[in-house]
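Chemist: Sharing a structure here in structure tokens format.
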Amino acid sequence: MGGDGEDEDDYLSMSFTEQPATPKETSLQRTTRLKKEAAERGRVLSKKELAEKERTQREAALATQLDASNKGAKMMAMMGFKGGALGKSGDARTQPIELLIKNDRGGIGMDSEKKRKVRETAEAMQGLEKKRKVDEAGFRERSRNEREERRAEGMMWSAMRTLEAFETAAPGDEEAGEASRDTHDEKLPPVKSINVLWRPVVKQRQDRDRERRMRYDLDQSLSRKPDYDDLNAETEDRLGFSDEVQETVEDDPELEAFESLTFAERLARVVEFLREKYHYCFWCKYRYPDADMEGCPGLTEDEHG
Amino acid sequence: MAEEKQPSRFKRQKMVDDRDNPYLAHIYEDEQHDSGVSLSGDSSTNGHLNGSTSNGNGPALKRHATTAKQAKVAEDGPTNFFSGGHLSERYFGILKKRRDLPVHAQRQEFLDMYQKSQILVFVGETGSGKTTQIPQFVLFDDLPQQQGKMVACTQPRRVAAMSVAQRVAQEMDVTLGEEVGYSIRFEDMTGPKTILKYMTDGMLLREAMNDHDLTRYSTIILDEAHERTLATDILMGLLKEVVKRRPDLKLIIMSATLDAQKFQKYFMNAPLLAVPGRTHPVEIFYTPEPERDYVEAALRTVLQIHATEPEGDILLFLTGEEEIEDACRKINLEGDEMVREADAGPLKVYPLYGTLPPAQQQRIFDPAPPPFKPGGRPGRKCIVSTNIAETSLTIDGIVYVVDPGFSKQKVYNPRIRVESLLVSPISKASAQQRAGRAGRTRPGKCFRLYTEGAFKKELIDQSYPEILRSNLASTVLELKKLGIDDLVHFDLMDPPAPETLMRALEELNYLACLDDEGELTNMGKLASEFPLDPALAVMLIASPEFYCSNEILSLTALLSVPQLFVRPASARKRADEMKDLFAHADGDHLTMLNVYHAFKAPSAQENAKQWCHDHFLSFRALQQADNVRLQLKRIMERSEIELVSTPFTDKKYYENIRRALVAGFFMQVAKKDSSNKTYTTVKDNQSVLLHPSTVLGQDSEWVVYNEFVLTSKNYIRTVTGVKPEWLLEIAPQYYDLEGFSKGDIKTSLLRVQQKVQRRAQINGGR
């Protein structure tokens, strides 16, 4: 206590260090603790536990090298032993022979065969794990790409529709767009003549309309009595379908070339066209009065922040 | 040449004449040739040497200058070259066969090399005849009788030393124990005439402890060196030094495998002589897939061989007694069924393992059974063996070998101080050796129950030498006694891990055999006199302090022999009941002692064999224990250790014995865990169970154990209850609680210590 160098602070530090960390246990507590300990000591171990205890104790002892405190070591030091091996040449063994206890009747090589199998299974498992990990990374990448593509697609369609609105409502009147929608069936110019940049919109709409019509026809045919034999009608329908399919499948190299581009690229084309022709910035959602497009930060989405 | 350096002055002084000196032999060369009647000029002065004077027309052999031709003449008789007796019919019968052995063809080559070089490495496969013939080749050239010396040939196993000595005595037409003898632990079968001594390598090592230069021998042959037993390895390290001090000593290292370069390199590039064995090609088959159950696969393979392969006996290698007996039963059952249902030939199955009684071991040499009817499917025998059939035992007629690739091997780990037998994969060298057993009589097949890939990848090249797999406490004690002080730099072929030496030194220090400087203490010197583990020796030496040295002597003998209690699978219950008759509640050691006392009682001795049989006891083990006891008693008397007993009626009779046990085995103590059946070993903190064979009551909190058995479970075997205060009192240095890690054992011992101190205070205050 007085051994501290800082004598001045001594009274303070003493008062702290001397304080018992835990309150003294009562006799009752002590009795329960001892009882608990005794019970643990007195617990009859199962055969398995005993074998395990035996094994761990043996392994612990086998792993412990005799040290210099051993009387024999001191005597050997007196004989000039300086570590290493015994004997004249000094290349003898330094460790006792390993103690291997055989507990079964497995033949020579059985143990290593077992170990090999375990190792192989482990390796196979590891392989799977690795593959799964690779997959995981790939999945994230892929899903990110997909998400981006979906987003680009959505924007592309929206840009196309904007363009369509500009193109169809040439005079700049809003209702025109509406009208054109209603009338496109009748007085629609051939699809191919439409600007390829918004042709997909028209095409999509036509496809959808055709589908609606077909469903309507189907509903009509279903409403007929089942016993009503109308093979002809069916054939006609079939013919009709095939005709239309033929129509849609009709070659359109321009469109095909355009659709082979990625959504982002198609989007970029449309956006650029809108700027050039209509001074409209898809990102600003604003039609500038002139080609200078003063106030628009730039061509890409990124430039718009 | 090296007269000044030669240490065996005493023996040399006995010689009267320079003619006796082999290194001056050239001076008298002519004389010897002229004499014609004598062996080599020494005979006139040395009366005890047989064959020299009596053999009037014997050839004149000059030491280290003989030829194979001369030896042949000497062997042809008609009088025995060494004993001078008349050679028998049988001798000539055997002689003829001996000359057909592969080594015989190279006798001259061997002699040339032997004469030229001090050290020689000799490689001959099993069956080449090296173990029986080479020592005889040496005898005819080394002529040890002229020097008053002997030729020693070491064997790793007692049984081999005994049986080979017997065989060679026959071959030489002499009485076992005279010219040819053997010496194994607790049994010396040699005499003053002995010139060739087969002995265990351990025995030669013990002799070296009292005779550092092994002056009794003119040539030392280390046989089966490839087995690399602990004693052979130490002997090699020792002899490497001795040959420098004794230029007259010749050394031959004999190995059965072709990895002899290692021996050559170790022995300063000694020359090598290889003799091919008589072997036929062996085709090797591997399984396409590793086997789920090698025993089952082995049985399947054996039966398949029996069903489909042409005539020829089968040798199956398994790991231990239980496994082997079980396999034998199953093969027998299945074989009978095959006879009934598939018209297979008769199949005889024999087990073979070290602890099998010799008479039963002998049965493996029975011929295969004949077909049921003349011209029927051939009969076959199948031997199911441990790896003793791998190198040491040769069984002719084996054509098929089934090798599952395992054997039980001793392992030691200094970190948990456990020496135990564990089933382990064999080495490539062992596998080749096993396969070779199939090609002894004709081309054979070896079925390896593992894949070729596993053979190449999983098996180590060479088995680990024993020195790397053993507790070295008694070896260190021996080395100390051999005068080797620098154990760290001692030139061993394969030095053990440093921790093994560390542990050995530590144990010997706690046993007070070595002091803190590593010097041999009086206790250590005394302990090294006993061919025992240091712990047992220390217990024996300390036992008079506990007034029970007679009893501890018996117990030590009992612990040095194989299992006393017989427990055949067919009569386990009855055997256990019989064991209970001797049971002492305080433990297995005391039970063993009860058995011994009952065995020695006059009523049992009337017909000891029957008595043992009735009580499910091993007569052989008890007999052996009796013999060991006698040998140990002699050493005790020589070392002036008192033989005392506490009166049996004294209530401290058993307590004293238990206390004496602690004096030796205080490092092998376990304490019971508070609730479970498990025990925890002191210091090493290993969770162990009492071996199911114990008679000890479950209430013994502290026990000493003789053995830690490592199997799928950790067992301690042969346990006896002790009191913790004895541990503190008898082994205070080991039980210095300061060094104990925190835990139940330390807490308990601290409590005991306090109690003891309190009691001492009270007593002191009085």
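FYI, nothing fancy with the structure tokens labels: chains A, B, ... in order, residues from 1 per chain, ligands from 1 as they appear.
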Do me a favour and pick out the residues of chain A within 6 Å of chain B, using only C-alpha atoms, as a list of chain:residue names.

Modeler: A:Gly42, A:Val44, A:Glu54, A:Gln57, A:Leu62, A:Lys71, A:Gly72, A:Ala73, A:Met75, A:Met79, A:Leu86, A:Gly87, A:Lys88, A:Ala92, A:Arg93, A:Thr94, A:Gln95, A:Pro96, A:Asn103, A:Arg105, A:Gly106, A:Gly107, A:Ile108, A:Gly109, A:Met110

Chemist: Show me, as a VMD selection string, the residues that have an atom within 9 Å of Arg90 of chain B when counting only C-alpha atoms, minus same-chain residues fewer than 3 positions from it.

Modeler: chain B and resid 87 93 to 95 170 to 171 173

Chemist: Quick one: everything within 8 Å of segment 194-201 of chain A, counting only C-alpha atoms, minus sequence neighbours fewer than 3 positions away in the same chain. Send it as a ChimeraX atom specification.

Modeler: /A:157,160-161,163-164,189-191,204-205,254-255,258,266,269-270

Chemist: For the residues selected in the previous step, produce a file with N, CA, C and O atoms as a short mmCIF file (atom, residue, chain, number, x, y, z; two decimals), in the first residue's frame.

Modeler:
data_model
loop_
_atom_site.label_atom_id
_atom_site.label_comp_id
_atom_site.auth_asym_id
_atom_site.auth_seq_id
_atom_site.Cartn_x
_atom_site.Cartn_y
_atom_site.Cartn_z
N TRP A 157 -40.08 5.35 -73.91
CA TRP A 157 -41.48 5.40 -74.35
C TRP A 157 -42.05 6.80 -74.10
O TRP A 157 -42.71 7.39 -74.97
N MET A 160 -40.78 9.11 -76.68
CA MET A 160 -41.39 8.86 -77.98
C MET A 160 -42.78 9.46 -78.05
O MET A 160 -43.19 10.03 -79.07
N ARG A 161 -43.51 9.26 -76.92
CA ARG A 161 -44.87 9.79 -76.92
C ARG A 161 -44.85 11.33 -77.03
O ARG A 161 -45.65 11.96 -77.70
N LEU A 163 -42.61 13.04 -78.54
CA LEU A 163 -42.29 13.34 -79.93
C LEU A 163 -43.53 13.18 -80.80
O LEU A 163 -43.81 14.01 -81.66
N GLU A 164 -44.26 12.08 -80.53
CA GLU A 164 -45.48 11.83 -81.31
C GLU A 164 -46.44 13.01 -81.20
O GLU A 164 -47.00 13.48 -82.20
N PRO A 189 -51.68 7.09 -91.93
CA PRO A 189 -50.75 6.84 -93.01
C PRO A 189 -50.07 5.49 -92.75
O PRO A 189 -50.06 4.99 -91.62
N PRO A 190 -49.50 4.89 -93.80
CA PRO A 190 -48.83 3.60 -93.55
C PRO A 190 -47.77 3.73 -92.48
O PRO A 190 -47.07 4.75 -92.41
N VAL A 191 -47.71 2.73 -91.67
CA VAL A 191 -46.82 2.77 -90.49
C VAL A 191 -45.40 3.12 -90.90
O VAL A 191 -44.69 3.88 -90.22
N GLN A 204 -47.05 -0.15 -81.45
CA GLN A 204 -47.54 -0.75 -80.20
C GLN A 204 -49.05 -0.54 -80.08
O GLN A 204 -49.78 -1.46 -79.72
N ARG A 205 -49.43 0.66 -80.40
CA ARG A 205 -50.85 0.99 -80.27
C ARG A 205 -51.66 0.15 -81.23
O ARG A 205 -52.69 -0.41 -80.88
N GLU A 254 -35.81 -0.72 -91.22
CA GLU A 254 -35.47 0.52 -90.53
C GLU A 254 -35.79 0.41 -89.05
O GLU A 254 -34.96 0.70 -88.18
N LEU A 255 -37.04 -0.10 -88.80
CA LEU A 255 -37.48 -0.24 -87.42
C LEU A 255 -36.61 -1.28 -86.69
O LEU A 255 -36.20 -1.08 -85.55
N PHE A 258 -33.44 0.14 -85.70
CA PHE A 258 -33.62 1.04 -84.57
C PHE A 258 -33.82 0.25 -83.27
O PHE A 258 -33.25 0.54 -82.24
N ARG A 266 -31.70 4.42 -77.82
CA ARG A 266 -32.91 4.88 -78.51
C ARG A 266 -33.41 6.16 -77.85
O ARG A 266 -33.76 7.14 -78.52
N ARG A 269 -31.41 9.09 -78.92
CA ARG A 269 -31.75 9.55 -80.27
C ARG A 269 -33.01 10.42 -80.26
O ARG A 269 -33.07 11.49 -80.86
N VAL A 270 -34.00 9.91 -79.55
CA VAL A 270 -35.28 10.63 -79.50
C VAL A 270 -35.10 12.00 -78.86
O VAL A 270 -35.57 13.02 -79.38
#

Chemist: Taking only segment 154-293 of chain B into account, list the residues labelled helix (DSSP H, G or I) by DSSP (computed from the backbone), as JSON, numbers by chain.

Modeler: {"B": [158, 159, 160, 161, 162, 163, 164, 165, 166, 167, 168, 169, 170, 171, 201, 202, 203, 204, 205, 206, 207, 208, 209, 210, 225, 226, 227, 230, 231, 232, 233, 234, 235, 236, 237, 238, 239, 240, 241, 242, 243, 244, 245, 261, 262, 263, 264, 265, 266]}

Chemist: Quick one: residues within 6 Å of segment 260-275 of chain B, only C-alpha atoms, excluding same-chain residues fewer than 5 positions away - as a PyMOL selection string?

Modeler: chain B and resi 119-124
